Amino acid sequence: MRWLAVWLLLTGVYFAGQLATPLLTGGGWRYGRESLAHLATVPLIQVVALRVVALVRRSVRGPRRPRRQL
């Protein structure tokens with residue numbers, strides 16, 4: 001579940017940067033089809049990348065052992 005929180009943080013930062021950049025460079029709020037497609041695909045790619053990282057970490061660690069209860 002931690003990867004989901006990381007993804008939400010990354011997505012929020014990404015969207016804020018994409019929305020603030022045109023204002024800081026003197027542009028407007030207009031977005032074309034390409035920009036909207038870019039805004040939609042990058043978070044999905046981030047999800048896939050974070051999922052791959054989680055799977056690789058699990059495979060490196062090995063199988064989980066049951067926790068001992070106190």
# chains A, B, ... in the order shown; residues from 1 in each chain; ligands from 1
$ select_by_dssp --residues "chain A" --states "helix (DSSP H, G or I)" --output "MDAnalysis selection string"
chainID A and resid 2:24 33:61
$ residues_around --residues "A:Thr41" --least-positions-apart "6" --cutoff "12 Å" --atoms "only C-alpha atoms" --output "list of chain:residue names"
A:Thr11, A:Tyr14, A:Phe15, A:Glu34, A:Ser35, A:Val47, A:Val48
$ closest_residue --among "A:Leu39, A:Val52, A:Pro66, A:Ser59" --to "A:Gly17" --atoms "only C-alpha atoms"
A:Leu39
$ decode --residues "stretch 17-29 of chain A" --atoms "all heavy atoms" --output "mmCIF file, in the first residue's frame"
data_model
loop_
_atom_site.group_PDB
_atom_site.id
_atom_site.type_symbol
_atom_site.label_atom_id
_atom_site.label_comp_id
_atom_site.auth_asym_id
_atom_site.auth_seq_id
_atom_site.Cartn_x
_atom_site.Cartn_y
_atom_site.Cartn_z
ATOM 1 N N GLY A 17 3.161 20.548 -11.501
ATOM 2 C CA GLY A 17 4.205 21.068 -12.381
ATOM 3 C C GLY A 17 3.701 21.330 -13.781
ATOM 4 O O GLY A 17 4.024 22.354 -14.397
ATOM 5 N N GLN A 18 2.884 20.416 -14.298
ATOM 6 C CA GLN A 18 2.346 20.593 -15.646
ATOM 7 C C GLN A 18 1.389 21.777 -15.724
ATOM 8 O O GLN A 18 1.319 22.452 -16.739
ATOM 9 C CB GLN A 18 1.626 19.319 -16.102
ATOM 10 C CG GLN A 18 2.551 18.185 -16.426
ATOM 11 C CD GLN A 18 3.413 18.472 -17.636
ATOM 12 O OE1 GLN A 18 2.961 18.985 -18.641
ATOM 13 N NE2 GLN A 18 4.691 18.158 -17.525
ATOM 14 N N LEU A 19 0.644 22.007 -14.669
ATOM 15 C CA LEU A 19 -0.295 23.123 -14.671
ATOM 16 C C LEU A 19 0.399 24.461 -14.405
ATOM 17 O O LEU A 19 -0.016 25.496 -14.916
ATOM 18 C CB LEU A 19 -1.402 22.881 -13.647
ATOM 19 C CG LEU A 19 -2.334 21.705 -13.963
ATOM 20 C CD1 LEU A 19 -3.289 21.486 -12.806
ATOM 21 C CD2 LEU A 19 -3.078 21.931 -15.259
ATOM 22 N N ALA A 20 1.456 24.440 -13.612
ATOM 23 C CA ALA A 20 2.141 25.685 -13.268
ATOM 24 C C ALA A 20 3.126 26.135 -14.342
ATOM 25 O O ALA A 20 3.374 27.328 -14.485
ATOM 26 C CB ALA A 20 2.871 25.528 -11.939
ATOM 27 N N THR A 21 3.671 25.205 -15.099
ATOM 28 C CA THR A 21 4.685 25.553 -16.094
ATOM 29 C C THR A 21 4.196 26.571 -17.118
ATOM 30 O O THR A 21 4.907 27.549 -17.384
ATOM 31 C CB THR A 21 5.219 24.289 -16.789
ATOM 32 O OG1 THR A 21 5.795 23.444 -15.800
ATOM 33 C CG2 THR A 21 6.261 24.609 -17.832
ATOM 34 N N PRO A 22 3.005 26.400 -17.730
ATOM 35 C CA PRO A 22 2.572 27.414 -18.707
ATOM 36 C C PRO A 22 2.396 28.799 -18.077
ATOM 37 O O PRO A 22 2.677 29.808 -18.720
ATOM 38 C CB PRO A 22 1.232 26.887 -19.219
ATOM 39 C CG PRO A 22 1.211 25.462 -18.899
ATOM 40 C CD PRO A 22 2.075 25.285 -17.697
ATOM 41 N N LEU A 23 1.954 28.841 -16.846
ATOM 42 C CA LEU A 23 1.780 30.142 -16.192
ATOM 43 C C LEU A 23 3.126 30.811 -15.920
ATOM 44 O O LEU A 23 3.265 32.022 -16.064
ATOM 45 C CB LEU A 23 1.005 29.968 -14.891
ATOM 46 C CG LEU A 23 -0.444 29.510 -15.036
ATOM 47 C CD1 LEU A 23 -1.057 29.281 -13.669
ATOM 48 C CD2 LEU A 23 -1.244 30.529 -15.819
ATOM 49 N N LEU A 24 4.107 30.019 -15.531
ATOM 50 C CA LEU A 24 5.421 30.581 -15.226
ATOM 51 C C LEU A 24 6.172 30.997 -16.486
ATOM 52 O O LEU A 24 7.015 31.894 -16.441
ATOM 53 C CB LEU A 24 6.255 29.566 -14.437
ATOM 54 C CG LEU A 24 5.727 29.224 -13.047
ATOM 55 C CD1 LEU A 24 6.553 28.102 -12.440
ATOM 56 C CD2 LEU A 24 5.747 30.449 -12.156
ATOM 57 N N THR A 25 5.874 30.351 -17.616
ATOM 58 C CA THR A 25 6.567 30.683 -18.864
ATOM 59 C C THR A 25 5.801 31.703 -19.687
ATOM 60 O O THR A 25 6.198 32.019 -20.805
ATOM 61 C CB THR A 25 6.804 29.423 -19.700
ATOM 62 O OG1 THR A 25 5.556 28.793 -19.970
ATOM 63 C CG2 THR A 25 7.730 28.458 -18.994
ATOM 64 N N GLY A 26 4.683 32.207 -19.176
ATOM 65 C CA GLY A 26 3.929 33.231 -19.871
ATOM 66 C C GLY A 26 2.852 32.699 -20.791
ATOM 67 O O GLY A 26 2.217 33.454 -21.507
ATOM 68 N N GLY A 27 2.629 31.406 -20.780
ATOM 69 C CA GLY A 27 1.587 30.814 -21.617
ATOM 70 C C GLY A 27 0.238 30.883 -20.925
ATOM 71 O O GLY A 27 0.071 31.487 -19.872
ATOM 72 N N GLY A 28 -0.733 30.259 -21.507
ATOM 73 C CA GLY A 28 -2.069 30.236 -20.918
ATOM 74 C C GLY A 28 -2.419 28.855 -20.401
ATOM 75 O O GLY A 28 -1.563 27.993 -20.242
ATOM 76 N N TRP A 29 -3.704 28.668 -20.145
ATOM 77 C CA TRP A 29 -4.204 27.390 -19.635
ATOM 78 C C TRP A 29 -4.627 26.440 -20.742
ATOM 79 O O TRP A 29 -5.209 25.415 -20.490
ATOM 80 C CB TRP A 29 -5.409 27.638 -18.728
ATOM 81 C CG TRP A 29 -5.019 28.169 -17.400
ATOM 82 C CD1 TRP A 29 -5.026 29.456 -17.016
ATOM 83 C CD2 TRP A 29 -4.541 27.415 -16.284
ATOM 84 N NE1 TRP A 29 -4.585 29.581 -15.738
ATOM 85 C CE2 TRP A 29 -4.282 28.334 -15.255
ATOM 86 C CE3 TRP A 29 -4.301 26.079 -16.057
ATOM 87 C CZ2 TRP A 29 -3.795 27.941 -14.028
ATOM 88 C CZ3 TRP A 29 -3.819 25.698 -14.831
ATOM 89 C CH2 TRP A 29 -3.578 26.616 -13.828
#
